[in-house]
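Colleague: Here you go, coords_27.cif (mmCIF, C-alpha atoms):
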data_my_file
#
loop_
_atom_site.group_PDB
_atom_site.id
_atom_site.type_symbol
_atom_site.label_atom_id
_atom_site.label_comp_id
_atom_site.auth_asym_id
_atom_site.auth_seq_id
_atom_site.Cartn_x
_atom_site.Cartn_y
_atom_site.Cartn_z
ATOM 1 C CA GLY A 1 35.852 -129.020 172.197
ATOM 2 C CA THR A 2 39.000 -128.422 174.198
ATOM 3 C CA TYR A 3 42.226 -129.840 172.784
ATOM 4 C CA HIS A 4 45.555 -130.257 174.522
ATOM 5 C CA LEU A 5 48.844 -130.424 172.669
ATOM 6 C CA GLY A 6 51.993 -132.330 173.549
ATOM 7 C CA CYS A 7 55.626 -131.462 172.965
ATOM 8 C CA PHE A 8 58.462 -133.963 172.564
ATOM 9 C CA VAL A 9 62.136 -133.087 172.276
ATOM 10 C CA GLY A 10 64.569 -135.114 170.194
ATOM 11 C CA VAL A 11 62.343 -138.167 169.674
ATOM 12 C CA THR A 12 62.891 -139.053 166.019
ATOM 13 C CA GLU A 13 61.033 -142.386 166.240
ATOM 14 C CA LEU A 14 57.820 -140.459 166.955
ATOM 15 C CA GLY A 15 58.269 -137.906 164.167
ATOM 16 C CA CYS A 16 55.968 -139.734 161.767
ATOM 17 C CA TYR A 17 53.094 -139.211 164.216
ATOM 18 C CA PHE A 18 53.369 -135.418 164.334
ATOM 19 C CA THR A 19 51.587 -133.076 161.994
ATOM 20 C CA LEU A 20 53.906 -130.158 162.768
ATOM 21 C CA LYS A 21 57.519 -130.587 163.805
ATOM 22 C CA LEU A 22 59.356 -127.580 165.274
ATOM 23 C CA PHE A 23 63.037 -127.033 166.015
ATOM 24 C CA SER A 24 64.384 -124.247 168.184
ATOM 25 C CA ALA A 25 67.814 -124.425 169.724
ATOM 26 C CA ASP A 26 69.738 -121.185 169.945
ATOM 27 C CA ALA A 27 73.144 -121.981 171.473
ATOM 28 C CA ASP A 28 73.418 -118.600 173.205
ATOM 29 C CA VAL A 29 70.023 -119.042 174.868
ATOM 30 C CA ARG A 30 70.883 -122.606 175.950
ATOM 31 C CA LEU A 31 74.163 -121.475 177.498
ATOM 32 C CA ALA A 32 72.614 -118.426 179.197
ATOM 33 C CA ARG A 33 69.855 -120.560 180.737
ATOM 34 C CA ARG A 34 72.393 -123.138 181.922
ATOM 35 C CA ILE A 35 74.616 -120.459 183.503
ATOM 36 C CA ARG A 36 71.665 -118.735 185.193
ATOM 37 C CA ARG A 37 70.214 -121.976 186.527
ATOM 38 C CA ASP A 38 73.457 -123.549 187.718
ATOM 39 C CA THR A 39 74.954 -120.419 189.308
ATOM 40 C CA VAL A 40 71.813 -118.917 190.839
ATOM 41 C CA GLU A 41 69.707 -121.979 191.703
ATOM 42 C CA LYS A 42 72.456 -124.541 192.325
ATOM 43 C CA GLY A 43 75.215 -122.226 193.562
ATOM 44 C CA ARG A 44 77.865 -123.554 191.180
ATOM 45 C CA ASP A 45 80.983 -121.696 190.101
ATOM 46 C CA ILE A 46 80.805 -120.182 186.586
ATOM 47 C CA GLY A 47 84.024 -121.976 185.574
ATOM 48 C CA VAL A 48 82.586 -125.360 186.531
ATOM 49 C CA VAL A 49 79.374 -124.588 184.661
ATOM 50 C CA LEU A 50 81.225 -123.600 181.476
ATOM 51 C CA ASP A 51 83.491 -126.650 181.699
ATOM 52 C CA GLN A 52 80.526 -129.007 182.132
ATOM 53 C CA TYR A 53 78.681 -127.303 179.272
ATOM 54 C CA SER A 54 81.671 -127.637 176.938
ATOM 55 C CA LYS A 55 82.431 -131.251 177.809
ATOM 56 C CA PHE A 56 78.962 -132.771 178.164
ATOM 57 C CA VAL A 57 75.987 -130.577 177.341
ATOM 58 C CA LYS A 58 77.143 -129.233 173.969
ATOM 59 C CA SER A 59 78.387 -132.632 172.759
ATOM 60 C CA ALA A 60 75.147 -134.343 173.847
ATOM 61 C CA PHE A 61 73.158 -131.670 172.022
ATOM 62 C CA ASP A 62 75.302 -132.072 168.889
ATOM 63 C CA ASP A 63 74.964 -135.878 168.988
ATOM 64 C CA PHE A 64 71.299 -136.302 169.872
ATOM 65 C CA ILE A 65 69.250 -133.123 169.401
ATOM 66 C CA LEU A 66 70.871 -131.323 166.464
ATOM 67 C CA PRO A 67 70.377 -134.288 164.071
ATOM 68 C CA THR A 68 66.600 -133.983 164.563
ATOM 69 C CA LYS A 69 66.717 -130.521 162.977
ATOM 70 C CA LYS A 70 66.546 -132.070 159.503
ATOM 71 C CA TYR A 71 63.087 -133.484 160.299
ATOM 72 C CA ALA A 72 61.626 -130.125 161.373
ATOM 73 C CA ASP A 73 58.890 -128.460 159.373
ATOM 74 C CA ILE A 74 59.746 -125.096 160.956
ATOM 75 C CA ILE A 75 63.039 -123.925 162.442
ATOM 76 C CA ILE A 76 62.573 -121.063 164.898
ATOM 77 C CA PRO A 77 65.587 -118.763 165.179
ATOM 78 C CA ARG A 78 65.984 -117.028 168.575
ATOM 79 C CA GLY A 79 63.593 -119.529 170.206
ATOM 80 C CA GLY A 80 60.949 -118.118 172.532
ATOM 81 C CA ASP A 81 62.185 -114.575 171.915
ATOM 82 C CA ASN A 82 60.981 -114.795 168.314
ATOM 83 C CA HIS A 83 57.449 -113.512 168.947
ATOM 84 C CA VAL A 84 56.545 -113.305 165.249
ATOM 85 C CA ALA A 85 57.360 -116.989 164.692
ATOM 86 C CA ILE A 86 55.567 -118.039 167.882
ATOM 87 C CA ASP A 87 52.457 -116.032 166.917
ATOM 88 C CA LEU A 88 52.426 -117.633 163.439
ATOM 89 C CA ILE A 89 52.707 -121.120 164.910
ATOM 90 C CA VAL A 90 49.980 -120.428 167.482
ATOM 91 C CA GLN A 91 47.703 -119.117 164.725
ATOM 92 C CA HIS A 92 48.414 -122.188 162.570
ATOM 93 C CA ILE A 93 47.578 -124.527 165.465
ATOM 94 C CA ARG A 94 44.388 -122.584 166.288
ATOM 95 C CA THR A 95 43.332 -122.821 162.640
ATOM 96 C CA LYS A 96 43.938 -126.567 162.583
ATOM 97 C CA LEU A 97 42.108 -127.092 165.861
ATOM 98 C CA GLY A 98 39.192 -125.038 164.549
ATOM 99 C CA GLN A 99 38.644 -127.504 161.717
ATOM 100 C CA HIS A 100 35.836 -129.966 162.234
ATOM 101 C CA ASP A 101 36.530 -133.634 162.908
ATOM 102 C CA LEU A 102 40.318 -133.538 162.961
ATOM 103 C CA CYS A 103 40.445 -137.312 163.432
ATOM 104 C CA LYS A 104 39.137 -137.747 159.867
ATOM 105 C CA ILE A 105 41.759 -135.339 158.492
ATOM 106 C CA TYR A 106 44.616 -136.837 160.515
ATOM 107 C CA PRO A 107 44.063 -140.596 160.956
ATOM 108 C CA ASN A 108 46.896 -140.842 163.502
ATOM 109 C CA LEU A 109 45.368 -138.172 165.785
ATOM 110 C CA TYR A 110 43.848 -139.339 169.050
ATOM 111 C CA VAL A 111 42.186 -136.752 171.269
ATOM 112 C CA ILE A 112 42.220 -137.183 175.029
ATOM 113 C CA GLN A 113 38.829 -136.283 176.404
ATOM 114 C CA SER A 114 38.923 -133.275 178.675
ATOM 115 C CA THR A 115 38.140 -134.086 182.301
ATOM 116 C CA PHE A 116 37.916 -131.946 185.448
ATOM 117 C CA GLN A 117 41.316 -133.342 186.452
ATOM 118 C CA ILE A 118 42.969 -132.353 183.144
ATOM 119 C CA ARG A 119 41.340 -128.919 183.104
ATOM 120 C CA GLY A 120 42.409 -128.340 186.710
ATOM 121 C CA MET A 121 46.028 -129.270 185.987
ATOM 122 C CA HIS A 122 46.060 -127.050 182.878
ATOM 123 C CA THR A 123 44.749 -124.165 184.965
ATOM 124 C CA LEU A 124 47.524 -124.648 187.513
ATOM 125 C CA ILE A 125 50.409 -124.883 185.036
ATOM 126 C CA ARG A 126 49.172 -121.810 183.156
ATOM 127 C CA ASP A 127 48.951 -119.724 186.335
ATOM 128 C CA SER A 128 51.982 -117.437 186.686
ATOM 129 C CA GLN A 129 51.666 -117.729 190.478
ATOM 130 C CA THR A 130 52.176 -121.518 190.451
ATOM 131 C CA THR A 131 55.427 -122.528 192.135
ATOM 132 C CA LYS A 132 58.135 -124.256 190.124
ATOM 133 C CA HIS A 133 57.643 -127.415 192.191
ATOM 134 C CA ASP A 134 53.888 -127.513 191.506
ATOM 135 C CA PHE A 135 54.402 -126.688 187.828
ATOM 136 C CA VAL A 136 56.805 -129.622 187.419
ATOM 137 C CA PHE A 137 54.493 -131.939 189.383
ATOM 138 C CA TYR A 138 51.371 -131.149 187.339
ATOM 139 C CA ALA A 139 53.194 -130.983 183.991
ATOM 140 C CA ASP A 140 54.681 -134.409 184.753
ATOM 141 C CA ARG A 141 51.225 -135.749 185.589
ATOM 142 C CA LEU A 142 49.792 -134.412 182.316
ATOM 143 C CA ILE A 143 52.663 -135.940 180.342
ATOM 144 C CA ARG A 144 52.022 -139.296 182.031
ATOM 145 C CA LEU A 145 48.360 -139.141 180.986
ATOM 146 C CA VAL A 146 49.359 -138.391 177.388
ATOM 147 C CA VAL A 147 51.876 -141.252 177.323
ATOM 148 C CA GLU A 148 49.384 -143.683 178.881
ATOM 149 C CA HIS A 149 46.764 -142.668 176.323
ATOM 150 C CA GLY A 150 49.265 -143.046 173.475
ATOM 151 C CA LEU A 151 50.451 -146.462 174.653
ATOM 152 C CA GLY A 152 46.843 -147.615 174.582
ATOM 153 C CA HIS A 153 46.925 -147.281 170.783
ATOM 154 C CA LEU A 154 50.042 -149.435 170.295
ATOM 155 C CA PRO A 155 49.960 -153.193 169.681
ATOM 156 C CA PHE A 156 50.636 -155.286 172.780
ATOM 157 C CA THR A 157 50.630 -158.821 174.101
ATOM 158 C CA GLU A 158 49.682 -160.064 177.555
ATOM 159 C CA LYS A 159 51.934 -162.412 179.477
ATOM 160 C CA GLN A 160 51.548 -164.116 182.847
ATOM 161 C CA VAL A 161 54.735 -164.365 184.871
ATOM 162 C CA ILE A 162 55.844 -165.551 188.288
ATOM 163 C CA THR A 163 57.579 -162.675 190.081
ATOM 164 C CA PRO A 164 60.779 -163.187 192.111
ATOM 165 C CA THR A 165 58.594 -163.159 195.239
ATOM 166 C CA GLY A 166 56.587 -166.097 193.866
ATOM 167 C CA LYS A 167 53.442 -164.120 193.011
ATOM 168 C CA LEU A 168 51.572 -164.562 189.760
ATOM 169 C CA GLY A 169 51.366 -161.307 187.797
ATOM 170 C CA LEU A 170 49.781 -160.236 184.535
ATOM 171 C CA TYR A 171 51.912 -157.943 182.407
ATOM 172 C CA ILE A 172 51.579 -156.377 178.994
ATOM 173 C CA LEU A 173 54.422 -155.948 176.547
ATOM 174 C CA VAL A 174 53.972 -152.814 174.434
ATOM 175 C CA TRP A 175 55.898 -152.626 171.163
ATOM 176 C CA ILE A 176 57.561 -149.186 170.944
ATOM 177 C CA SER A 177 60.251 -149.422 168.269
ATOM 178 C CA VAL A 178 62.882 -151.754 166.900
ATOM 179 C CA ARG A 179 64.975 -150.755 169.903
ATOM 180 C CA GLY A 180 62.775 -152.450 172.463
ATOM 181 C CA TYR A 181 59.523 -152.620 174.318
ATOM 182 C CA ALA A 182 57.992 -151.417 177.538
ATOM 183 C CA VAL A 183 56.592 -153.701 180.202
ATOM 184 C CA TYR A 184 53.597 -152.577 182.267
ATOM 185 C CA GLN A 185 52.129 -154.497 185.160
ATOM 186 C CA LEU A 186 48.363 -154.934 185.014
ATOM 187 C CA LEU A 187 47.637 -156.924 188.151
ATOM 188 C CA GLU A 188 49.571 -158.095 191.195
#
With the file now loaded, output its structure as structure tokens.
Modeller:
Amino acid sequence: GTYHLGCFVGVTELGCYFTLKLFSADADVRLARRIRRDTVEKGRDIGVVLDQYSKFVKSAFDDFILPTKKYADIIIPRGGDNHVAIDLIVQHIRTKLGQHDLCKIYPNLYVIQSTFQIRGMHTLIRDSQTTKHDFVFYADRLIRLVVEHGLGHLPFTEKQVITPTGKLGLYILVWISVRGYAVYQLLE
């Protein structure tokens, strides 16, 4: 079968659901990407970019992303430039996916069935000729499908409510963590 993998950044509440947790955050690479993007694509002054990075980006990384490093199974120095580490991880994932009946080995694994829509979107985001706009659009759509599929495995309750416009609506409350819940409208 065809399997599709998801990637989440800095989501510690979901860590218990992952078989392999990776951490890669080279400060030099982060800063270089930020400078390139903000000066070239957004036309910002280098001084403004560095000031914003120092005041907001680095502190947000230190507060929210860096603490997740302790939960990682593998820490990848030099990020995507570390071809040896990337090749080892890819080989490990291919080996795991080659095992039969992964759902019996990993009871918290749910496989989204491959459809023409999913295969088409994967083809587009893997194509080097795809525009940035299309890549973001189709990657976002794939992520939404993964999240919808995942939410379908969480406990929920249904509730009928009267909307501010006076209409009767059916909603579901999905328990996500001790921090709250998500509300999804079923019918209008």
Colleague: Could you pull the residues within 7 Å of region 113-127 of chain A, counting all atoms listed in the file, minus those fewer than 3 positions along the same chain, as a PyMOL selection string?
Modeller: chain A and resi 2+130+135+138-139
Colleague: Under the rule that all atoms listed in the file are counted, which of A:Lys58, A:Lys132, A:Arg144, A:Arg44 is the nearest residue to Ala27 (chain A)?
Modeller: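 Closest to Ala27 (chain A) of all the choices is A:Lys58.
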Colleague: Suppose you want the space between CA of Lys104 (chain A) and CA of Leu22 (chain A); what is it in Å?
Modeller: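 Atom-to-atom, CA of Lys104 (chain A) and CA of Leu22 (chain A) are spaced 23.3 Å apart.
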Colleague: Name all residues at most 9 Å from Lys69 (chain A) (count all atoms listed in the file; drop same-chain ones fewer than 4 positions away) and give them as a count of residues only.
Modeller: 7
Colleague: To one decimal place, how far is CA of Leu50 (chain A) from CA of Arg34 (chain A) in Å?
Modeller: 8.9 Å
Colleague: State, in Å with one decimal place, the distance from CA of Pro107 (chain A) to CA of Leu151 (chain A).
Modeller: 16.2 Å
Colleague: May I ask which of the residues A:Ile105, A:Thr165, A:Ile112, A:Arg36 is the closest one to Ile143 (chain A), counting only C-alpha atoms?
Modeller: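 Closest residue, counting only C-alpha atoms: A:Ile112.
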Colleague: Measuring atom to atom with only C-alpha atoms, identify which of A:Asp26, A:Lys167, A:Gln91, A:Pro155 is nearest to Pro77 (chain A).
Modeller: A:Asp26
Colleague: Ranking A:Val147, A:Leu142, A:Ala32, A:Val111 by minimum distance to Val49 (chain A) and counting only C-alpha atoms, which one comes first?
Modeller: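 Checking each candidate against Val49 (chain A), we get A:Ala32 as the closest.
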Colleague: Output the residue selection produced by the PyMOL selection byres ((chain A and resi 35) around 10) on the file above, formatted as a list in words.
Modeller: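 On the file shown, the PyMOL selection byres ((chain A and resi 35) around 10) covers Val29, Arg30, Leu31, Ala32, Arg33, Arg34, Arg36, Arg37, Asp38, Thr39, Val40, Glu41, Lys42, Arg44, Asp45, Ile46, Gly47, Val48, Val49, Leu50 and Tyr53 of chain A.
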Colleague: Pick the closest to Asp28 (chain A) from A:Phe137, A:Leu145, A:Gly79, A:Leu88: which is it, counting only C-alpha atoms?
Modeller: A:Gly79
Colleague: My list of candidates is A:Gln99, A:Asp87, A:Lys21, A:Asp51. Which is closest to Tyr71 (chain A) when distances are computed with only C-alpha atoms?
Modeller: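 For Tyr71 (chain A), the nearest of the candidates is A:Lys21.
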Colleague: List the neighbours of Tyr110 (chain A) out to 10 Å using all atoms listed in the file; skip same-chain residues closer than 3 positions along the sequence, and give me the result as a PyMOL selection string.
Modeller: chain A and resi 102-103+106-107+113+149-150+153
